[in-house]
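S.K.: As input, take protein33.txt (compact mmCIF, C-alpha atoms):
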# COMPACT_ATOMS: atom_id res chain seq x y z
CA ALA M 1 112.30 112.86 120.63
CA ARG M 2 109.76 111.20 118.39
CA GLU M 3 109.70 107.46 117.92
CA GLY M 4 107.59 105.57 115.45
CA SER M 5 106.83 102.39 113.63
CA GLU M 6 105.90 101.69 110.06
CA PHE M 7 104.29 98.75 108.29
CA GLN M 8 103.85 98.56 104.54
CA LYS M 9 102.58 95.69 102.42
CA LEU M 10 102.02 95.70 98.67
CA ASP M 11 100.52 92.77 96.78
CA PHE M 12 101.43 93.60 93.17
CA ASN M 13 100.08 91.22 90.53
CA ASN M 14 100.90 91.78 86.86
CA ILE M 15 100.14 89.86 83.65
CA ASP M 16 101.49 90.67 80.18
CA LEU M 17 99.99 88.94 77.13
CA VAL M 18 102.12 89.89 74.11
CA ILE M 19 102.89 88.67 70.63
CA GLY M 20 106.11 89.54 68.81
CA ARG M 21 108.73 88.29 66.39
CA ASN M 22 112.55 88.34 66.36
CA PHE M 23 114.30 89.97 63.40
CA TYR M 24 118.04 89.68 62.70
CA LEU M 25 119.42 93.14 61.92
CA SER M 26 122.94 91.72 61.58
CA GLN M 27 124.84 88.57 62.52
CA TYR M 28 125.02 89.70 66.18
CA LEU M 29 122.05 92.05 66.62
CA THR M 30 118.36 91.09 66.90
CA MET M 31 115.26 93.19 67.37
CA ARG M 32 111.88 92.03 68.67
CA PRO M 33 108.89 94.37 68.38
CA SER M 34 105.81 93.22 70.31
CA ALA M 35 102.27 94.31 71.08
CA GLY M 36 99.71 93.05 73.56
CA VAL M 37 97.78 93.72 76.75
CA LYS M 38 98.95 94.38 80.31
CA GLY M 39 96.75 93.77 83.35
CA THR M 40 97.33 94.41 87.05
CA TRP M 41 95.55 94.13 90.37
CA GLN M 42 97.01 95.50 93.58
CA ASN M 43 96.35 95.56 97.32
CA ASP M 44 98.24 98.22 99.29
CA GLU M 45 98.36 98.52 103.09
CA ILE M 46 100.31 101.18 105.01
CA LYS M 47 100.32 101.80 108.78
CA ARG M 48 102.41 104.46 110.53
CA THR M 49 102.53 105.57 114.15
CA LEU M 50 104.53 108.33 115.80
CA SER M 51 104.74 108.78 119.56
CA GLY M 52 106.42 111.34 121.78
CA GLN M 53 105.68 115.03 122.04
CA GLY M 54 105.88 116.97 118.84
CA SER M 55 104.26 119.72 116.85
CA LEU M 56 102.78 119.96 113.40
CA SER M 57 103.14 123.21 111.46
CA THR M 58 100.41 124.18 109.02
CA PRO M 59 101.93 126.79 106.66
CA SER M 60 99.53 125.95 103.81
CA LEU M 61 96.47 127.37 105.59
CA PRO M 62 95.49 130.93 104.62
CA VAL M 63 96.31 132.43 108.03
CA PRO M 64 98.79 135.22 108.80
CA ASP M 65 101.00 133.00 110.98
CA PRO M 66 101.41 129.21 110.84
CA ILE M 67 99.58 127.36 113.61
CA GLU M 68 101.61 125.00 115.79
CA ILE M 69 99.41 122.02 116.66
CA LYS M 70 100.78 119.94 119.54
CA LEU M 71 100.09 116.24 120.01
CA ASP M 72 101.47 113.23 121.87
CA SER M 73 100.99 110.60 119.18
CA THR M 74 99.43 110.09 115.78
CA PHE M 75 98.26 107.04 113.86
CA VAL M 76 97.67 106.75 110.10
CA ALA M 77 96.45 103.64 108.28
CA ASN M 78 95.61 103.35 104.57
CA TYR M 79 94.30 100.32 102.75
CA SER M 80 93.39 100.27 99.05
CA LYS M 81 92.52 97.84 96.25
CA SER M 82 92.78 98.61 92.56
CA TRP M 83 92.99 97.02 89.12
CA GLY M 84 94.04 98.21 85.66
CA ILE M 85 94.22 97.08 82.05
CA GLY M 86 95.55 98.54 78.82
CA PRO M 87 97.41 98.07 75.52
CA ARG M 88 101.17 97.42 75.66
CA LEU M 89 103.91 98.10 73.06
CA ALA M 90 107.53 97.00 73.48
CA LEU M 91 110.81 96.83 71.59
CA ASP M 92 113.65 94.46 72.58
CA PHE M 93 117.24 94.41 71.30
CA ASP M 94 119.80 91.64 71.81
CA PHE M 95 123.51 91.91 71.09
CA LEU M 96 124.76 88.32 70.85
CA MET M 97 128.21 87.82 72.41
CA THR M 98 128.17 84.00 72.11
CA LYS M 99 125.54 81.49 71.03
CA THR M 100 123.98 81.56 74.52
CA PHE M 101 124.92 84.91 76.13
CA SER M 102 123.78 88.34 75.00
CA LEU M 103 123.42 91.91 76.22
CA TYR M 104 119.81 92.99 75.99
CA GLY M 105 117.77 96.13 76.24
CA GLN M 106 114.01 96.51 76.39
CA ALA M 107 111.68 99.48 76.33
CA GLY M 108 107.94 99.09 76.86
CA TRP M 109 104.94 101.39 77.24
CA THR M 110 101.39 100.73 78.42
CA GLY M 111 98.42 103.09 78.42
CA MET M 112 96.41 101.84 81.37
CA ALA M 113 92.84 102.47 82.51
CA ARG M 114 92.83 102.07 86.30
CA ALA M 115 90.03 101.61 88.81
CA LEU M 116 90.34 102.23 92.55
CA TYR M 117 87.42 100.26 93.96
CA GLU M 118 88.08 100.06 97.68
CA ARG M 119 89.90 102.37 100.07
CA GLU M 120 89.84 102.79 103.84
CA GLU M 121 91.70 105.43 105.83
CA ASP M 122 92.02 105.84 109.60
CA TYR M 123 93.62 108.83 111.34
CA GLY M 124 94.04 109.13 115.08
CA PHE M 125 95.57 111.70 117.44
CA THR M 126 96.22 111.55 121.18
CA ASN M 127 96.17 114.71 123.29
CA LEU M 128 95.70 117.07 120.38
CA ILE M 129 96.13 120.71 121.44
CA VAL M 130 95.13 123.47 119.02
CA PRO M 131 96.23 127.00 120.05
CA GLY M 132 93.30 129.31 120.75
CA VAL M 133 90.97 126.40 121.53
CA ALA M 134 90.49 125.50 125.17
CA PRO M 135 91.43 121.88 125.94
CA SER M 136 88.29 119.83 126.21
CA PRO M 137 87.27 116.17 126.09
CA LEU M 138 86.60 116.70 122.38
CA PHE M 139 90.31 117.25 121.65
CA THR M 140 91.84 114.63 123.95
CA SER M 141 91.38 111.89 121.34
CA VAL M 142 90.22 112.44 117.79
CA LYS M 143 89.66 109.65 115.30
CA VAL M 144 88.48 110.20 111.74
CA ASN M 145 87.43 107.26 109.59
CA GLY M 146 87.05 107.46 105.83
CA ASN M 147 85.92 104.93 103.27
CA THR M 148 85.59 105.03 99.49
CA PRO M 149 82.25 103.36 98.75
CA LYS M 150 82.34 103.98 94.98
CA THR M 151 84.85 103.19 92.25
CA TYR M 152 87.16 105.90 90.93
CA TYR M 153 88.53 105.59 87.39
CA SER M 154 91.70 107.18 86.03
CA ALA M 155 94.18 106.84 83.16
CA HIS M 156 97.89 106.20 83.70
CA HIS M 157 100.86 105.17 81.64
CA VAL M 158 103.47 102.60 82.57
CA THR M 159 106.98 102.93 81.13
CA GLU M 160 109.48 100.08 81.43
CA ILE M 161 113.20 100.16 80.59
CA GLU M 162 115.55 97.21 81.11
CA LEU M 163 119.22 96.56 80.45
CA GLY M 164 120.96 93.33 81.30
CA LEU M 165 122.78 90.14 80.50
CA LYS M 166 120.71 87.26 79.11
CA TYR M 167 121.29 83.51 78.77
CA ASP M 168 119.33 81.65 76.08
CA TYR M 169 119.47 77.97 75.34
Mind converting the file's structure to structure tokens?
M.R.:
Amino acid sequence: AREGSEFQKLDFNNIDLVIGRNFYLSQYLTMRPSAGVKGTWQNDEIKRTLSGQGSLSTPSLPVPDPIEIKLDSTFVANYSKSWGIGPRLALDFDFLMTKTFSLYGQAGWTGMARALYEREEDYGFTNLIVPGVAPSPLFTSVKVNGNTPKTYYSAHHVTEIELGLKYDY
């Protein structure tokens, strides 16, 4: 039986700077188009450990038969920092039920340029046994460290959809 633990922490910071105007489409229905800028910065930390005897199958390798790798425990830790910024468009609708309560719906879209500027990864295995390789001190404990020293840029889109009940005063 395999037992494990998991730790995950996400610091998600988000700022929307938008300008828009309400339009009455009827006595009970309003629409608010808006445009602006969305910005975000995030810190993500994930740690996972599994202990107990188990095996790891590797069917994706180009070998005739999958290799069964045996190990006692494994450790994975990822830490990353990123930021992003981009233009934002949104459209809000309100259906007024009373003077203060309304049903609302919102749809928003952001085209975001994102930068991953720091990432660290740690992988560890205990008592790793690879078939066909004689056990040796090299395979009793393997630890691979990786770090991203340069910034990686990418483009993403963010889509937001909301439905709900709103109180305005």
S.K.: Pick from M:Gly105, M:Arg88, M:Leu50, M:Gly4: nearest to M:Leu17, with all atoms listed in the file counted?
M.R.: M:Arg88
S.K.: Ranking M:Leu29, M:Val158, M:Ala115, M:Ile46 by minimum distance to M:Ala77 and counting all atoms listed in the file, which one comes first?
M.R.: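 The answer is M:Ile46, which sits nearest to M:Ala77.
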S.K.: Would you please work out which residue, of M:Asp16, M:Asp92, M:Glu160, M:Asp168, is nearest to M:Tyr104 when using only C-alpha atoms?
M.R.: M:Asp92
S.K.: When you draw a straight line from atom CA of M:Gln106 to atom CA of M:Ala35, how long is it in Å?
M.R.: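 Distance between the two atoms: 13.1 Å.
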S.K.: Looking at M:Glu45, M:Tyr153, M:Leu25, M:Gly20, which one is nearest to M:Asp122, with distances taken over all atoms listed in the file?
M.R.: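 Result for the nearest residue to M:Asp122: M:Glu45.
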S.K.: Looking at all atoms listed in the file, which of M:Tyr152, M:Gly86, M:Ser26, M:Ser73 is the one that sits closest to M:Asn14?
M.R.: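 Residue with the minimum atom-to-atom distance to M:Asn14: M:Gly86.
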S.K.: Show which residues sit within 9 Å of M:Tyr167, as a list in words. Count only C-alpha atoms, and ignore same-chain residues fewer than 2 positions away.
M.R.: Thr100, Phe101, Ser102, Leu165 and Tyr169 of chain M
S.K.: M:Glu162, M:Glu6, M:Asp11, M:Glu121: which is nearest M:Asp94, counting all atoms listed in the file?
M.R.: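 Among M:Glu162, M:Glu6, M:Asp11, M:Glu121, it is M:Glu162 that comes nearest to M:Asp94.
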S.K.: What is the atom CA of M:Arg119-atom CA of M:Ser80 distance in Å, reported with one decimal?
M.R.: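 Rounded to one decimal, the two atoms are 4.2 Å apart.
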S.K.: What's around M:Asn78 at 12 Å? Count all atoms listed in the file, leave out sequence neighbours fewer than 6 positions away in its own chain, and write the answer as a PyMOL selection string.
M.R.: chain M and resi 6-10+43-48+118-123+145-148
S.K.: Please list as a ChimeraX atom specification every residue within 7 Å of M:Ala113, counting only C-alpha atoms and excluding residues in the same chain fewer than 6 positions away.
M.R.: /M:84-86,154-156
